[in-house]
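Notes to accompany the following structure.
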Amino acid sequence: MADKQAVIELRTDRGVYTLPAQEVIAQLSGGTKLEEVKVQVVVSEALSQTSALLERAAEKGRFKVAEAPLEFTVRVQSGDRTTEIARFNGYVARSLTIPEGTGAITTGIVLEADGSIRHVPTKIVVRDGRYYATINSLTNSTYALVRHEKTFADIG
């Protein structure tokens, strides 16, 4: 799969997760047979306590959450052993759907378990007539799209 640069793509109504197979294979221990590996890819809305963490971070950082945060998880099972992949060797893309009427998106962020946030490279694209915010990151985490409007008194 890695030699052919295969990609696992999961599409939901909230977004598209594009995972290069080589990123999964790199996580496997030597001697693991690919035909014995099961990959579980999950894209889900964040739990309410995670959303509450994000809202507190938004108040503190003076930005607005544009859409409910999404959690991205990848697990690899080989035999009776299941491993969650939290970090990748290269950037992995996830495209979050921007619903109509959402307004301007400033950027994508990652919400850390401790409630801190960090910016992730974000690009707005149009695919099949829909707007998406494509985020490239080295980790699986909770992601959200935010707006941060700034006004200046000296600009008229």
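In the structure tokens, the first chain shown is A, the next is B, and so on; residue numbers restart at 1 for each chain, and ligands run from 1 in the order shown.
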
Would you write out, as JSON lines, a table of all residues in stretch 59-79 of chain A that have an atom no more than 10 Å from an atom of stretch 17-34 of chain A, listing for each the closest atom pair and the distance in Å to one decimal, considering only C-alpha atoms and ordering rows by chain and rising residue number?
```
{"residue": "A:Phe72", "atom": "CA", "partner": "A:Tyr17", "partner_atom": "CA", "distance": 8.3}
{"residue": "A:Val74", "atom": "CA", "partner": "A:Val24", "partner_atom": "CA", "distance": 8.7}
{"residue": "A:Arg75", "atom": "CA", "partner": "A:Val24", "partner_atom": "CA", "distance": 9.1}
{"residue": "A:Val76", "atom": "CA", "partner": "A:Val24", "partner_atom": "CA", "distance": 7.7}
{"residue": "A:Gln77", "atom": "CA", "partner": "A:Leu28", "partner_atom": "CA", "distance": 9.5}
{"residue": "A:Ser78", "atom": "CA", "partner": "A:Thr32", "partner_atom": "CA", "distance": 7.5}
{"residue": "A:Gly79", "atom": "CA", "partner": "A:Thr32", "partner_atom": "CA", "distance": 9.5}
```

Shell around stretch 92-104 of chain A at 8 Å using only C-alpha atoms, local window under 4 positions removed, as number ranges by chain: A: 13-20, 66-67, 88, 130-139, 147

Picked from stretch 4-147 of chain A by DSSP as alpha helix (DSSP H), as JSON, numbers by chain: {"A": [21, 22, 23, 24, 25, 48, 49, 50, 51, 52, 53, 54, 55, 56, 57, 58, 59, 60, 61]}

Members of stretch 4-78 of chain A assigned strand (DSSP E or B) by DSSP, as a PyMOL selection string: chain A and resi 7-11+15-20+37-45+64-65+70-78

Near-A:Asp80 list (12 Å; only C-alpha atoms; drop same-chain fewer than 5 positions) as a count of residues only: 3

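One distance worth recording is that between atom CA of A:Val39 and atom CA of A:Ala68, which is 25.6 Å.
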
Minimum-distance residue to A:Ser116, chosen among A:Thr142, A:Thr12, A:Asn89, A:Gln5 (using only C-alpha atoms):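 With only C-alpha atoms as the atom set, the closest residue is A:Thr142.
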
Excluding A:Val65 and residues on its chain fewer than 4 positions from it, collect all residues at most 10 Å away from it, counting only C-alpha atoms, and give them as an mmCIF file with all heavy atoms, in the first residue's frame.
```cif
data_model
loop_
_atom_site.group_PDB
_atom_site.id
_atom_site.type_symbol
_atom_site.label_atom_id
_atom_site.label_comp_id
_atom_site.auth_asym_id
_atom_site.auth_seq_id
_atom_site.Cartn_x
_atom_site.Cartn_y
_atom_site.Cartn_z
ATOM 1 N N SER A 51 -16.082 20.520 24.285
ATOM 2 C CA SER A 51 -16.658 21.752 23.732
ATOM 3 C C SER A 51 -16.638 22.869 24.769
ATOM 4 O O SER A 51 -16.377 24.029 24.439
ATOM 5 C CB SER A 51 -18.090 21.506 23.249
ATOM 6 O OG SER A 51 -18.071 20.636 22.139
ATOM 7 N N LEU A 54 -13.233 24.342 24.937
ATOM 8 C CA LEU A 54 -13.014 25.218 23.790
ATOM 9 C C LEU A 54 -13.707 26.562 23.998
ATOM 10 O O LEU A 54 -13.138 27.609 23.682
ATOM 11 C CB LEU A 54 -13.506 24.550 22.503
ATOM 12 C CG LEU A 54 -13.341 25.381 21.234
ATOM 13 C CD1 LEU A 54 -11.871 25.728 20.982
ATOM 14 C CD2 LEU A 54 -13.909 24.632 20.041
ATOM 15 N N GLU A 55 -14.901 26.547 24.540
ATOM 16 C CA GLU A 55 -15.618 27.808 24.783
ATOM 17 C C GLU A 55 -14.849 28.678 25.783
ATOM 18 O O GLU A 55 -14.780 29.897 25.621
ATOM 19 C CB GLU A 55 -17.049 27.552 25.262
ATOM 20 C CG GLU A 55 -17.965 27.042 24.172
ATOM 21 C CD GLU A 55 -18.061 27.974 22.962
ATOM 22 O OE1 GLU A 55 -18.033 29.213 23.124
ATOM 23 O OE2 GLU A 55 -18.151 27.449 21.832
ATOM 24 N N ALA A 57 -11.599 28.630 26.238
ATOM 25 C CA ALA A 57 -10.425 29.125 25.503
ATOM 26 C C ALA A 57 -10.820 30.265 24.570
ATOM 27 O O ALA A 57 -10.081 31.240 24.407
ATOM 28 C CB ALA A 57 -9.786 27.988 24.707
ATOM 29 N N ALA A 58 -12.013 30.183 23.974
ATOM 30 C CA ALA A 58 -12.498 31.223 23.066
ATOM 31 C C ALA A 58 -12.741 32.529 23.822
ATOM 32 O O ALA A 58 -12.378 33.614 23.340
ATOM 33 C CB ALA A 58 -13.776 30.765 22.370
ATOM 34 N N GLU A 59 -13.322 32.431 25.007
ATOM 35 C CA GLU A 59 -13.544 33.639 25.825
ATOM 36 C C GLU A 59 -12.214 34.288 26.178
ATOM 37 O O GLU A 59 -12.055 35.499 26.066
ATOM 38 C CB GLU A 59 -14.300 33.272 27.100
ATOM 39 C CG GLU A 59 -15.755 32.969 26.884
ATOM 40 C CD GLU A 59 -16.441 32.481 28.150
ATOM 41 O OE1 GLU A 59 -15.936 32.753 29.267
ATOM 42 O OE2 GLU A 59 -17.491 31.827 28.016
ATOM 43 N N PRO A 69 -16.592 21.645 17.379
ATOM 44 C CA PRO A 69 -15.312 20.985 17.135
ATOM 45 C C PRO A 69 -15.470 19.504 16.771
ATOM 46 O O PRO A 69 -16.445 18.858 17.165
ATOM 47 C CB PRO A 69 -14.567 21.135 18.466
ATOM 48 C CG PRO A 69 -15.635 21.340 19.482
ATOM 49 C CD PRO A 69 -16.773 22.023 18.777
ATOM 50 N N ILE A 105 -14.155 32.532 8.024
ATOM 51 C CA ILE A 105 -13.341 31.685 8.896
ATOM 52 C C ILE A 105 -11.948 32.286 8.925
ATOM 53 O O ILE A 105 -11.368 32.589 7.884
ATOM 54 C CB ILE A 105 -13.262 30.239 8.349
ATOM 55 C CG1 ILE A 105 -14.654 29.611 8.270
ATOM 56 C CG2 ILE A 105 -12.317 29.376 9.175
ATOM 57 C CD1 ILE A 105 -15.354 29.456 9.583
ATOM 58 N N GLY A 108 -7.982 27.456 11.477
ATOM 59 C CA GLY A 108 -8.292 26.243 12.211
ATOM 60 C C GLY A 108 -7.385 26.176 13.430
ATOM 61 O O GLY A 108 -6.261 26.683 13.401
ATOM 62 N N ILE A 109 -7.887 25.565 14.486
ATOM 63 C CA ILE A 109 -7.098 25.401 15.701
ATOM 64 C C ILE A 109 -7.202 23.971 16.206
ATOM 65 O O ILE A 109 -8.130 23.250 15.858
ATOM 66 C CB ILE A 109 -7.547 26.367 16.825
ATOM 67 C CG1 ILE A 109 -9.023 26.117 17.190
ATOM 68 C CG2 ILE A 109 -7.302 27.818 16.440
ATOM 69 C CD1 ILE A 109 -9.462 26.789 18.465
ATOM 70 N N ALA A 144 -11.118 22.731 15.464
ATOM 71 C CA ALA A 144 -12.258 23.640 15.322
ATOM 72 C C ALA A 144 -11.889 24.766 14.370
ATOM 73 O O ALA A 144 -10.708 25.080 14.181
ATOM 74 C CB ALA A 144 -12.653 24.214 16.681
ATOM 75 N N LEU A 145 -12.912 25.349 13.786
ATOM 76 C CA LEU A 145 -12.742 26.524 12.935
ATOM 77 C C LEU A 145 -13.173 27.737 13.738
ATOM 78 O O LEU A 145 -14.194 27.696 14.434
ATOM 79 C CB LEU A 145 -13.593 26.399 11.671
ATOM 80 C CG LEU A 145 -13.285 25.179 10.808
ATOM 81 C CD1 LEU A 145 -14.248 25.116 9.625
ATOM 82 C CD2 LEU A 145 -11.849 25.206 10.325
ATOM 83 N N VAL A 146 -12.382 28.798 13.656
ATOM 84 C CA VAL A 146 -12.669 29.978 14.469
ATOM 85 C C VAL A 146 -12.642 31.255 13.628
ATOM 86 O O VAL A 146 -12.062 31.295 12.546
ATOM 87 C CB VAL A 146 -11.678 30.107 15.646
ATOM 88 C CG1 VAL A 146 -11.765 28.892 16.555
ATOM 89 C CG2 VAL A 146 -10.256 30.316 15.157
ATOM 90 N N ARG A 147 -13.277 32.280 14.209
ATOM 91 C CA ARG A 147 -13.261 33.624 13.640
ATOM 92 C C ARG A 147 -12.663 34.542 14.687
ATOM 93 O O ARG A 147 -12.922 34.390 15.887
ATOM 94 C CB ARG A 147 -14.681 34.113 13.349
ATOM 95 C CG ARG A 147 -15.367 33.426 12.235
ATOM 96 C CD ARG A 147 -16.657 34.146 11.865
ATOM 97 N NE ARG A 147 -17.630 34.212 12.948
ATOM 98 C CZ ARG A 147 -18.592 33.328 13.131
ATOM 99 N NH1 ARG A 147 -18.711 32.310 12.318
ATOM 100 N NH2 ARG A 147 -19.451 33.453 14.113
ATOM 101 N N HIS A 148 -11.884 35.474 14.227
ATOM 102 C CA HIS A 148 -11.332 36.477 15.125
ATOM 103 C C HIS A 148 -11.351 37.797 14.381
ATOM 104 O O HIS A 148 -10.496 38.064 13.552
ATOM 105 C CB HIS A 148 -9.899 36.117 15.550
ATOM 106 C CG HIS A 148 -9.359 37.033 16.590
ATOM 107 N ND1 HIS A 148 -8.515 38.052 16.288
ATOM 108 C CD2 HIS A 148 -9.575 37.099 17.918
ATOM 109 C CE1 HIS A 148 -8.198 38.708 17.405
ATOM 110 N NE2 HIS A 148 -8.826 38.141 18.399
#
```

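Relative to atom CA of A:Ser141, atom CA of A:Arg87 is found at 9.3 Å.
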
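Checking A:Lys64, A:Ala113, A:Glu84, A:Thr73 one by one against A:Asn140, counting only C-alpha atoms, you find the shortest gap at A:Thr73.
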